[in-house]
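**Student:** Structure supplied as final39.pdb; contents: PDB, C-alpha atoms.
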ATOM      1  CA  MET A   6       0.490   6.914  24.936
ATOM      2  CA  VAL A   7      -2.564   6.544  22.693
ATOM      3  CA  ARG A   8      -2.960   8.996  19.822
ATOM      4  CA  PRO A   9      -5.956   7.502  18.006
ATOM      5  CA  LEU A  10      -6.420  10.015  15.167
ATOM      6  CA  ASN A  11      -9.458   7.918  14.303
ATOM      7  CA  ASP A  12     -11.724  10.587  12.871
ATOM      8  CA  GLY A  13     -11.988  10.001   9.129
ATOM      9  CA  HIS A  14     -11.090  13.638   8.543
ATOM     10  CA  ASP A  15      -7.638  12.973  10.018
ATOM     11  CA  PHE A  16      -6.634  10.511   7.304
ATOM     12  CA  VAL A  17      -4.709  11.594   4.224
ATOM     13  CA  PHE A  18      -4.077   9.855   0.907
ATOM     14  CA  GLN A  19      -0.662  11.225  -0.029
ATOM     15  CA  LEU A  20       2.821  11.245   1.452
ATOM     16  CA  GLY A  21       4.160  14.793   1.619
ATOM     17  CA  GLY A  22       2.584  18.219   1.379
ATOM     18  CA  HIS A  23       1.029  18.299   4.871
ATOM     19  CA  ALA A  24       1.807  20.116   8.087
ATOM     20  CA  PRO A  25       2.477  17.706  10.999
ATOM     21  CA  ARG A  26      -0.691  16.528  12.742
ATOM     22  CA  LEU A  27       1.191  15.001  15.638
ATOM     23  CA  SER A  28       4.601  15.486  17.241
ATOM     24  CA  VAL A  29       6.358  12.859  19.369
ATOM     25  CA  ARG A  30       9.641  12.660  21.241
ATOM     26  CA  ALA A  31      12.441  10.525  19.854
ATOM     27  CA  GLY A  32      12.029   6.962  21.188
ATOM     28  CA  GLU A  33       8.546   7.642  22.588
ATOM     29  CA  GLN A  34       6.095   4.806  22.017
ATOM     30  CA  PHE A  35       2.684   5.937  20.808
ATOM     31  CA  THR A  36      -0.397   4.222  19.396
ATOM     32  CA  VAL A  37      -2.456   5.216  16.367
ATOM     33  CA  PHE A  38      -5.556   3.789  14.722
ATOM     34  CA  THR A  39      -5.092   2.924  11.055
ATOM     35  CA  GLU A  40      -7.974   2.151   8.704
ATOM     36  CA  ASP A  41      -8.018  -0.516   6.004
ATOM     37  CA  CYS A  42      -7.379   0.485   2.395
ATOM     38  CA  PHE A  43     -11.119   1.011   1.802
ATOM     39  CA  SER A  44     -11.472   3.389   4.792
ATOM     40  CA  GLY A  45     -13.621   0.798   6.575
ATOM     41  CA  LYS A  46     -16.427   1.325   4.033
ATOM     42  CA  LEU A  47     -16.367  -2.096   2.351
ATOM     43  CA  THR A  48     -18.161  -4.335   4.839
ATOM     44  CA  SER A  49     -20.012  -7.007   2.849
ATOM     45  CA  VAL A  50     -19.622  -9.233  -0.201
ATOM     46  CA  ASP A  51     -22.259  -7.092  -1.920
ATOM     47  CA  GLY A  52     -20.201  -3.924  -1.513
ATOM     48  CA  LYS A  53     -18.776  -2.007  -4.468
ATOM     49  CA  PRO A  54     -15.065  -1.285  -3.888
ATOM     50  CA  ARG A  55     -14.695   1.374  -6.555
ATOM     51  CA  GLU A  56     -17.815   3.187  -5.375
ATOM     52  CA  VAL A  57     -16.987   3.307  -1.671
ATOM     53  CA  ALA A  58     -13.277   3.997  -2.222
ATOM     54  CA  PRO A  59     -12.820   5.567  -5.666
ATOM     55  CA  TYR A  60      -9.227   6.001  -6.808
ATOM     56  CA  PRO A  61      -7.174   7.797  -5.537
ATOM     57  CA  LYS A  62      -9.110   7.745  -2.243
ATOM     58  CA  VAL A  63      -7.558   4.407  -1.266
ATOM     59  CA  ASN A  64      -4.955   3.536   1.362
ATOM     60  CA  PRO A  65      -5.828   6.194   3.959
ATOM     61  CA  LEU A  66      -2.797   7.128   6.025
ATOM     62  CA  VAL A  67      -2.240   8.481   9.522
ATOM     63  CA  GLY A  68       0.197  11.355   9.480
ATOM     64  CA  PRO A  69       2.358  13.149   9.106
ATOM     65  CA  ILE A  70       3.905  12.505  12.508
ATOM     66  CA  ALA A  71       6.914  14.700  13.319
ATOM     67  CA  VAL A  72       9.715  13.313  15.485
ATOM     68  CA  GLU A  73      11.471  15.837  17.700
ATOM     69  CA  GLY A  74      15.192  16.172  17.050
ATOM     70  CA  ILE A  75      15.126  14.653  13.556
ATOM     71  CA  ARG A  76      16.715  16.800  10.873
ATOM     72  CA  ALA A  77      16.604  16.455   7.100
ATOM     73  CA  GLY A  78      19.341  14.024   6.069
ATOM     74  CA  ASP A  79      19.188  11.933   9.260
ATOM     75  CA  ILE A  80      18.574   8.206   9.035
ATOM     76  CA  MET A  81      15.454   7.319  11.012
ATOM     77  CA  ALA A  82      14.755   4.027  12.770
ATOM     78  CA  ILE A  83      10.977   3.442  12.876
ATOM     79  CA  ARG A  84      10.053   0.508  15.122
ATOM     80  CA  LEU A  85       6.761  -1.405  15.074
ATOM     81  CA  HIS A  86       6.178  -2.549  18.648
ATOM     82  CA  ARG A  87       2.627  -3.909  18.492
ATOM     83  CA  LEU A  88      -0.098  -4.468  15.892
ATOM     84  CA  GLU A  89      -3.474  -5.012  17.528
ATOM     85  CA  PRO A  90      -6.366  -5.863  15.169
ATOM     86  CA  ALA A  91      -9.155  -3.318  15.505
ATOM     87  CA  ARG A  92     -11.788  -5.673  14.040
ATOM     88  CA  ASP A  93     -12.441  -9.412  13.858
ATOM     89  CA  TRP A  94     -12.683  -9.299  10.067
ATOM     90  CA  GLY A  95     -10.764  -8.133   7.029
ATOM     91  CA  VAL A  96     -11.703  -7.640   3.395
ATOM     92  CA  ALA A  97     -10.145  -8.695   0.080
ATOM     93  CA  THR A  98     -11.182  -8.020  -3.499
ATOM     94  CA  ILE A  99     -10.548  -8.740  -7.140
ATOM     95  CA  SER A 100     -11.283  -5.862  -9.503
ATOM     96  CA  PRO A 101     -11.241  -5.364 -13.286
ATOM     97  CA  ASN A 102      -7.945  -4.114 -14.753
ATOM     98  CA  PHE A 103      -6.086  -4.497 -11.485
ATOM     99  CA  GLY A 104      -3.818  -7.225 -10.167
ATOM    100  CA  PHE A 105      -0.941  -9.285 -11.529
ATOM    101  CA  LEU A 106      -3.145 -11.395 -13.823
ATOM    102  CA  SER A 107      -5.112  -8.489 -15.295
ATOM    103  CA  GLY A 108      -4.351  -6.239 -18.215
ATOM    104  CA  THR A 109      -3.671  -2.623 -17.217
ATOM    105  CA  ARG A 110      -2.975   0.664 -19.022
ATOM    106  CA  ALA A 111       0.749   0.059 -18.532
ATOM    107  CA  SER A 112       0.517  -3.599 -19.596
ATOM    108  CA  PRO A 113      -2.550  -4.001 -21.819
ATOM    109  CA  ASN A 114      -4.017  -7.098 -23.392
ATOM    110  CA  LEU A 115      -7.200  -8.015 -25.271
ATOM    111  CA  GLN A 116      -8.544 -10.506 -22.763
ATOM    112  CA  GLN A 117     -11.924 -10.107 -21.114
ATOM    113  CA  GLU A 118     -11.862  -8.114 -17.875
ATOM    114  CA  GLN A 119     -12.196  -9.975 -14.591
ATOM    115  CA  ASP A 120     -15.425  -9.481 -12.675
ATOM    116  CA  GLU A 121     -15.401  -7.541  -9.416
ATOM    117  CA  ARG A 122     -15.750  -9.660  -6.279
ATOM    118  CA  VAL A 123     -15.437  -9.160  -2.514
ATOM    119  CA  TRP A 124     -14.472 -11.627   0.235
ATOM    120  CA  ILE A 125     -14.949 -10.970   3.953
ATOM    121  CA  TRP A 126     -12.353 -12.877   5.975
ATOM    122  CA  ARG A 127     -13.178 -13.646   9.638
ATOM    123  CA  LEU A 128     -10.469 -13.709  12.296
ATOM    124  CA  SER A 129     -10.596 -16.684  14.659
ATOM    125  CA  PRO A 130     -10.969 -15.949  18.409
ATOM    126  CA  ASP A 131      -7.417 -17.150  19.062
ATOM    127  CA  ARG A 132      -6.099 -14.881  16.279
ATOM    128  CA  THR A 133      -4.302 -17.633  14.416
ATOM    129  CA  GLN A 134      -6.477 -18.089  11.354
ATOM    130  CA  LEU A 135      -8.694 -16.291   8.856
ATOM    131  CA  THR A 136     -11.615 -17.927   7.035
ATOM    132  CA  THR A 137     -13.986 -16.896   4.264
ATOM    133  CA  ARG A 138     -16.731 -18.522   2.219
ATOM    134  CA  THR A 139     -16.539 -19.028  -1.527
ATOM    135  CA  SER A 140     -19.387 -18.478  -3.980
ATOM    136  CA  SER A 141     -19.938 -22.257  -4.000
ATOM    137  CA  GLY A 142     -20.085 -22.482  -0.196
ATOM    138  CA  ARG A 143     -16.589 -23.829   0.454
ATOM    139  CA  THR A 144     -14.361 -22.443   3.196
ATOM    140  CA  LEU A 145     -10.983 -20.873   2.447
ATOM    141  CA  ARG A 146      -8.357 -20.571   5.189
ATOM    142  CA  ALA A 147      -5.253 -18.441   5.636
ATOM    143  CA  GLY A 148      -2.943 -17.901   8.588
ATOM    144  CA  TYR A 149      -3.200 -14.588  10.437
ATOM    145  CA  ARG A 150       0.053 -12.763   9.600
ATOM    146  CA  PRO A 151      -0.400  -9.073  10.476
ATOM    147  CA  PHE A 152       1.808  -6.381   8.986
ATOM    148  CA  HIS A 153       1.653  -2.865   7.566
ATOM    149  CA  GLY A 154       1.636  -2.477   3.802
ATOM    150  CA  THR A 155       2.508   1.219   3.979
ATOM    151  CA  LEU A 156       5.044   3.034   6.155
ATOM    152  CA  GLY A 157       7.023   6.007   4.929
ATOM    153  CA  VAL A 158       8.171   9.597   5.331
ATOM    154  CA  ALA A 159       7.681  12.798   3.370
ATOM    155  CA  PRO A 160       9.466  12.455  -0.004
ATOM    156  CA  ALA A 161      12.450  14.609  -0.992
ATOM    157  CA  HIS A 162      12.349  17.914  -2.903
ATOM    158  CA  GLY A 163       8.832  18.767  -1.788
ATOM    159  CA  GLU A 164       7.254  15.980  -3.831
ATOM    160  CA  VAL A 165       3.789  14.664  -2.977
ATOM    161  CA  ARG A 166       3.220  10.986  -3.755
ATOM    162  CA  LEU A 167      -0.011   8.989  -3.641
ATOM    163  CA  GLY A 168      -0.358   6.502  -0.797
ATOM    164  CA  VAL A 169      -0.273   3.580  -3.266
ATOM    165  CA  VAL A 170       3.273   4.415  -4.418
ATOM    166  CA  PRO A 171       6.504   2.946  -2.953
ATOM    167  CA  GLY A 172       9.930   4.561  -3.285
ATOM    168  CA  ASP A 173      13.106   5.491  -1.454
ATOM    169  CA  PHE A 174      10.889   7.428   0.984
ATOM    170  CA  GLY A 175       9.081   4.214   1.962
ATOM    171  CA  GLY A 176       5.388   4.093   1.147
ATOM    172  CA  ASN A 177       3.365   1.168  -0.132
ATOM    173  CA  PHE A 178       5.867  -1.707   0.114
ATOM    174  CA  ASP A 179       3.387  -4.558   0.791
ATOM    175  CA  ILE A 180       6.246  -6.601   2.279
ATOM    176  CA  PRO A 181       5.036  -9.034   4.983
ATOM    177  CA  ASP A 182       8.315  -8.674   6.913
ATOM    178  CA  LEU A 183       7.140  -5.198   8.015
ATOM    179  CA  ARG A 184       5.483  -6.832  10.986
ATOM    180  CA  GLU A 185       5.443  -6.523  14.755
ATOM    181  CA  GLY A 186       9.024  -6.233  16.032
ATOM    182  CA  ALA A 187      10.465  -4.936  12.747
ATOM    183  CA  THR A 188      12.483  -1.749  12.334
ATOM    184  CA  LEU A 189      12.367   0.227   9.089
ATOM    185  CA  TYR A 190      15.246   2.582   8.347
ATOM    186  CA  LEU A 191      14.470   5.593   6.135
ATOM    187  CA  ARG A 192      16.271   8.841   5.410
ATOM    188  CA  ALA A 193      14.419  11.944   6.607
ATOM    189  CA  ASN A 194      13.891  14.441   3.805
ATOM    190  CA  VAL A 195      12.441  17.185   6.006
ATOM    191  CA  ASP A 196      12.994  18.257   9.593
ATOM    192  CA  GLY A 197      10.891  16.009  11.823
ATOM    193  CA  GLY A 198      10.862  13.240   9.216
ATOM    194  CA  HIS A 199       7.052  13.324   8.848
ATOM    195  CA  ILE A 200       5.998   9.679   9.212
ATOM    196  CA  TYR A 201       2.949   8.219   7.452
ATOM    197  CA  ILE A 202       1.473   4.790   8.258
ATOM    198  CA  GLY A 203      -1.523   2.739   7.120
ATOM    199  CA  ASP A 204      -2.651  -0.094   4.838
ATOM    200  CA  GLY A 205      -2.887  -2.778   7.510
ATOM    201  CA  HIS A 206      -2.889  -6.376   6.299
ATOM    202  CA  TYR A 207      -4.146  -9.439   8.185
ATOM    203  CA  ALA A 208      -2.637 -11.808   5.593
ATOM    204  CA  GLN A 209      -0.968 -11.606   2.198
ATOM    205  CA  GLY A 210       1.047 -13.876  -0.041
ATOM    206  CA  ASP A 211       4.170 -12.605  -1.785
ATOM    207  CA  GLY A 212       3.330 -10.230  -4.617
ATOM    208  CA  GLU A 213      -0.180  -9.175  -3.474
ATOM    209  CA  ILE A 214      -1.144 -10.912  -6.714
ATOM    210  CA  ALA A 215      -4.913 -10.313  -6.718
ATOM    211  CA  GLY A 216      -4.413  -6.605  -5.996
ATOM    212  CA  THR A 217      -5.324  -6.594  -2.306
ATOM    213  CA  ALA A 218      -4.262  -8.426   0.810
ATOM    214  CA  VAL A 219      -6.774  -9.288   3.514
ATOM    215  CA  GLU A 220      -7.108  -5.621   4.384
ATOM    216  CA  GLY A 221      -7.671  -4.761   8.038
ATOM    217  CA  ALA A 222      -7.633  -1.996  10.632
ATOM    218  CA  PHE A 223      -5.095  -1.830  13.480
ATOM    219  CA  PHE A 224      -4.204  -0.100  16.679
ATOM    220  CA  THR A 225      -0.475   0.154  16.045
ATOM    221  CA  THR A 226       2.177   1.073  18.587
ATOM    222  CA  LEU A 227       5.382   2.460  17.131
ATOM    223  CA  SER A 228       8.324   4.716  17.898
ATOM    224  CA  ALA A 229      11.009   6.526  15.923
ATOM    225  CA  GLU A 230      14.459   7.898  16.598
ATOM    226  CA  LYS A 231      17.673   8.895  14.890
ATOM    227  CA  ALA A 232      19.797   5.954  13.745
ATOM    228  CA  VAL A 233      23.583   5.744  13.539
ATOM    229  CA  PRO A 234      24.870   7.613  10.458
ATOM    230  CA  ASP A 235      25.989   5.338   7.622
ATOM    231  CA  GLU A 236      27.522   6.621   4.382
ATOM    232  CA  SER A 237      26.491   3.423   2.579
ATOM    233  CA  PHE A 238      22.786   4.049   3.274
ATOM    234  CA  ASP A 239      20.697   4.622   0.145
ATOM    235  CA  TRP A 240      17.425   2.637  -0.095
ATOM    236  CA  PRO A 241      15.121   1.622   2.785
ATOM    237  CA  ARG A 242      16.499  -1.008   5.156
ATOM    238  CA  LEU A 243      14.469  -3.499   7.187
ATOM    239  CA  GLU A 244      15.645  -5.273  10.321
ATOM    240  CA  THR A 245      13.919  -8.009  12.307
ATOM    241  CA  GLU A 246      15.121 -10.098  15.233
ATOM    242  CA  SER A 247      16.658 -12.607  12.840
ATOM    243  CA  HIS A 248      17.358 -10.817   9.507
ATOM    244  CA  ILE A 249      18.560  -7.625   7.859
ATOM    245  CA  GLY A 250      17.421  -6.607   4.392
ATOM    246  CA  VAL A 251      17.145  -3.812   1.838
ATOM    247  CA  ILE A 252      14.013  -2.880  -0.119
ATOM    248  CA  GLY A 253      14.139  -1.883  -3.775
ATOM    249  CA  CYS A 254      11.294  -0.154  -5.607
ATOM    250  CA  ALA A 255      11.124   0.077  -9.405
ATOM    251  CA  ARG A 256       9.600  -1.186 -12.625
ATOM    252  CA  PRO A 257      10.470  -3.657 -14.051
ATOM    253  CA  LEU A 258      10.745  -6.059 -11.140
ATOM    254  CA  ASP A 259      14.336  -7.018 -11.916
ATOM    255  CA  ASP A 260      15.420  -3.413 -11.320
ATOM    256  CA  ALA A 261      13.730  -3.479  -7.894
ATOM    257  CA  ALA A 262      15.602  -6.713  -7.154
ATOM    258  CA  ARG A 263      18.939  -5.216  -8.264
ATOM    259  CA  ILE A 264      18.424  -2.200  -6.023
ATOM    260  CA  ALA A 265      17.675  -4.479  -3.061
ATOM    261  CA  VAL A 266      20.598  -6.849  -3.659
ATOM    262  CA  ALA A 267      23.158  -4.104  -4.312
ATOM    263  CA  GLY A 268      21.997  -2.225  -1.232
ATOM    264  CA  LEU A 269      22.296  -5.307   0.939
ATOM    265  CA  VAL A 270      25.809  -6.089  -0.345
ATOM    266  CA  ARG A 271      26.882  -2.572   0.668
ATOM    267  CA  TRP A 272      25.210  -2.881   4.076
ATOM    268  CA  VAL A 273      26.809  -6.253   4.775
ATOM    269  CA  ALA A 274      30.214  -4.886   3.755
ATOM    270  CA  GLN A 275      29.802  -1.873   6.040
ATOM    271  CA  ARG A 276      28.457  -3.918   8.935
ATOM    272  CA  THR A 277      31.118  -6.640   8.823
ATOM    273  CA  GLY A 278      34.159  -4.748   7.519
ATOM    274  CA  MET A 279      34.460  -7.093   4.536
ATOM    275  CA  ASP A 280      35.316  -5.778   1.093
ATOM    276  CA  THR A 281      32.512  -5.520  -1.442
ATOM    277  CA  MET A 282      33.504  -8.668  -3.353
ATOM    278  CA  ASP A 283      33.396 -10.851  -0.233
ATOM    279  CA  ALA A 284      30.098  -9.292   0.841
ATOM    280  CA  HIS A 285      28.728  -9.939  -2.649
ATOM    281  CA  GLN A 286      29.734 -13.598  -2.362
ATOM    282  CA  LEU A 287      28.181 -13.998   1.103
ATOM    283  CA  VAL A 288      24.891 -12.364   0.095
ATOM    284  CA  SER A 289      24.745 -14.444  -3.083
ATOM    285  CA  GLN A 290      25.001 -17.708  -1.165
ATOM    286  CA  THR A 291      22.785 -16.904   1.854
ATOM    287  CA  CYS A 292      20.118 -14.363   0.867
ATOM    288  CA  SER A 293      16.369 -14.589   0.392
ATOM    289  CA  LEU A 294      14.795 -12.467  -2.339
ATOM    290  CA  ARG A 295      11.144 -11.716  -1.655
ATOM    291  CA  ILE A 296       8.613 -10.009  -3.909
ATOM    292  CA  GLY A 297       6.562  -7.423  -2.051
ATOM    293  CA  ASN A 298       4.104  -6.399  -4.742
ATOM    294  CA  VAL A 299       3.707  -6.658  -8.499
ATOM    295  CA  VAL A 300       0.529  -4.571  -8.779
ATOM    296  CA  ASN A 301       1.421  -1.016  -7.716
ATOM    297  CA  PRO A 302       2.882   1.900  -9.717
ATOM    298  CA  ALA A 303       6.333   0.567  -8.727
ATOM    299  CA  PHE A 304       7.138  -3.022  -7.771
ATOM    300  CA  THR A 305       8.993  -3.919  -4.562
ATOM    301  CA  ALA A 306      11.550  -6.542  -3.608
ATOM    302  CA  LEU A 307      13.290  -7.335  -0.310
ATOM    303  CA  CYS A 308      16.725  -8.954  -0.239
ATOM    304  CA  SER A 309      17.635 -10.207   3.232
ATOM    305  CA  VAL A 310      20.167 -12.408   5.006
ATOM    306  CA  PRO A 311      20.070 -14.060   8.441
ATOM    307  CA  LYS A 312      22.033 -12.150  11.057
ATOM    308  CA  ALA A 313      23.645 -15.442  12.016
ATOM    309  CA  VAL A 314      25.702 -15.494   8.800
ATOM    310  CA  LEU A 315      27.254 -12.150   9.738
ATOM    311  CA  SER A 316      28.482 -13.238  13.156
ATOM    312  CA  HIS A 317      31.582 -14.948  11.770
TER
END
As structure tokens, what does this structure read like?

**Tutor:**
Amino acid sequence: MVRPLNDGHDFVFQLGGHAPRLSVRAGEQFTVFTEDCFSGKLTSVDGKPREVAPYPKVNPLVGPIAVEGIRAGDIMAIRLHRLEPARDWGVATISPNFGFLSGTRASPNLQQEQDERVWIWRLSPDRTQLTTRTSSGRTLRAGYRPFHGTLGVAPAHGEVRLGVVPGDFGGNFDIPDLREGATLYLRANVDGGHIYIGDGHYAQGDGEIAGTAVEGAFFTTLSAEKAVPDESFDWPRLETESHIGVIGCARPLDDAARIAVAGLVRWVAQRTGMDTMDAHQLVSQTCSLRIGNVVNPAFTALCSVPKAVLSH
């Protein structure tokens, strides 16, 4: 079922505070159109990012999408079935006072601001590679690795959070593992869950260091349903065909990492029946710890282990 919601008036820039714009059955697959973080308005290297998408009008989101049968307190399993690029190009930028290597209000310095620059990345016909031209005429290449930077639900206690913020409700994780075939587990804070999705990425290294990925638009097919209750559930969980992991969101980064690691130890203990100490030992010796972003209002980290290590 295609639910395009592709009129610009249908996009929102916050999680929470909206009446549902779409309702789906539990387990029903449906397709939505998601815009890039600049609302599709930054189309050339001469464009002005902060003019066409002034803060906080960045990261437009589709939603909220209500799921029938979901009640507040339920754990939701949101599955990404297919990410189809809506364009053969994506856009990336560097902007003053933004990005891991720039001074910001929260982490100031006295260095000169970076200039603003835009790169248009072209997707190859076989959808394996992205290329762009440098100011000196050289060609840069990156592998096409599509994923969604933002996927979340309405926050708890009636809060409204900007689309650039990650938290226990999901939001702007910028974790490349949130790709086709992945399942994100989140706790519903309102009846229906109220899903929000957007911020498509065609490629991104760990950390989203420059401040943007290669931002792109998608036709995304997803579904959602109630997951098995689990008393150990706290922070968002991510499952792929080969791994399970927990996502932590905080500043400083080491707190985000602690949230992710502690959450995964508890999940492994619950899933395997091991005590916490043994689960701690197994996670310590087999996990990967991945930085999602170090540029947003809260940083993100994913701690994951291969499913194979749990089979024993």

**Student:** Could you pull the residues within 12 Å of range 229-231 of chain A, counting only C-alpha atoms, minus those fewer than 6 positions along the same chain, as a PDB file with C-alpha atoms, keeping the file's coordinate frame?

**Tutor:**
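What landed in selection05.pdb:
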ATOM      1  CA  SER A  28       4.601  15.486  17.241  1.00  0.00           C
ATOM      2  CA  VAL A  29       6.358  12.859  19.369  1.00  0.00           C
ATOM      3  CA  ARG A  30       9.641  12.660  21.241  1.00  0.00           C
ATOM      4  CA  ALA A  31      12.441  10.525  19.854  1.00  0.00           C
ATOM      5  CA  GLY A  32      12.029   6.962  21.188  1.00  0.00           C
ATOM      6  CA  GLU A  33       8.546   7.642  22.588  1.00  0.00           C
ATOM      7  CA  GLN A  34       6.095   4.806  22.017  1.00  0.00           C
ATOM      8  CA  PHE A  35       2.684   5.937  20.808  1.00  0.00           C
ATOM      9  CA  ILE A  70       3.905  12.505  12.508  1.00  0.00           C
ATOM     10  CA  ALA A  71       6.914  14.700  13.319  1.00  0.00           C
ATOM     11  CA  VAL A  72       9.715  13.313  15.485  1.00  0.00           C
ATOM     12  CA  GLU A  73      11.471  15.837  17.700  1.00  0.00           C
ATOM     13  CA  GLY A  74      15.192  16.172  17.050  1.00  0.00           C
ATOM     14  CA  ILE A  75      15.126  14.653  13.556  1.00  0.00           C
ATOM     15  CA  ARG A  76      16.715  16.800  10.873  1.00  0.00           C
ATOM     16  CA  ALA A  77      16.604  16.455   7.100  1.00  0.00           C
ATOM     17  CA  GLY A  78      19.341  14.024   6.069  1.00  0.00           C
ATOM     18  CA  ASP A  79      19.188  11.933   9.260  1.00  0.00           C
ATOM     19  CA  ILE A  80      18.574   8.206   9.035  1.00  0.00           C
ATOM     20  CA  MET A  81      15.454   7.319  11.012  1.00  0.00           C
ATOM     21  CA  ALA A  82      14.755   4.027  12.770  1.00  0.00           C
ATOM     22  CA  ILE A  83      10.977   3.442  12.876  1.00  0.00           C
ATOM     23  CA  ARG A  84      10.053   0.508  15.122  1.00  0.00           C
ATOM     24  CA  LEU A  85       6.761  -1.405  15.074  1.00  0.00           C
ATOM     25  CA  HIS A  86       6.178  -2.549  18.648  1.00  0.00           C
ATOM     26  CA  LEU A 156       5.044   3.034   6.155  1.00  0.00           C
ATOM     27  CA  GLY A 157       7.023   6.007   4.929  1.00  0.00           C
ATOM     28  CA  VAL A 158       8.171   9.597   5.331  1.00  0.00           C
ATOM     29  CA  ALA A 187      10.465  -4.936  12.747  1.00  0.00           C
ATOM     30  CA  THR A 188      12.483  -1.749  12.334  1.00  0.00           C
ATOM     31  CA  LEU A 189      12.367   0.227   9.089  1.00  0.00           C
ATOM     32  CA  TYR A 190      15.246   2.582   8.347  1.00  0.00           C
ATOM     33  CA  LEU A 191      14.470   5.593   6.135  1.00  0.00           C
ATOM     34  CA  ARG A 192      16.271   8.841   5.410  1.00  0.00           C
ATOM     35  CA  ALA A 193      14.419  11.944   6.607  1.00  0.00           C
ATOM     36  CA  ASP A 196      12.994  18.257   9.593  1.00  0.00           C
ATOM     37  CA  GLY A 197      10.891  16.009  11.823  1.00  0.00           C
ATOM     38  CA  GLY A 198      10.862  13.240   9.216  1.00  0.00           C
ATOM     39  CA  HIS A 199       7.052  13.324   8.848  1.00  0.00           C
ATOM     40  CA  ILE A 200       5.998   9.679   9.212  1.00  0.00           C
ATOM     41  CA  TYR A 201       2.949   8.219   7.452  1.00  0.00           C
TER      42      TYR A 201
END

**Student:** Here's the selection I'm unsure about, the PyMOL selection byres ((chain A and resi 120) around 7); applied to the file above, which residues does it give, as number ranges by chain?

**Tutor:** A: 100-101, 118-119, 121-122

**Student:** Within 9 Å of range 43-67 of chain A, which residues of range 212-296 of chain A come that close, and what is the closest atom pair and distance in Å for each? Count only C-alpha atoms and give it as a Markdown table.

**Tutor:**
| residue | atom | partner | partner_atom | distance |
| --- | --- | --- | --- | --- |
| A:Glu220 | CA | A:Phe43 | CA | 8.2 |
| A:Gly221 | CA | A:Gly45 | CA | 8.3 |
| A:Ala222 | CA | A:Gly45 | CA | 7.8 |

**Student:** Using only C-alpha atoms, find the one residue out of A:Thr245, A:Gln117, A:Thr39, A:Gln209 that sits nearest to Leu135 in chain A.

**Tutor:** A:Gln209

**Student:** Show which residues sit within 10 Å of Asp93 in chain A, as number ranges by chain. Count only C-alpha atoms, and ignore same-chain residues fewer than 3 positions away.

**Tutor:** A: 90, 126-130, 132, 135, 221-222

**Student:** At what distance in Å, to one decimal, does CA of Asp182 in chain A lie from CA of Ala208 in chain A?

**Tutor:** 11.5 Å
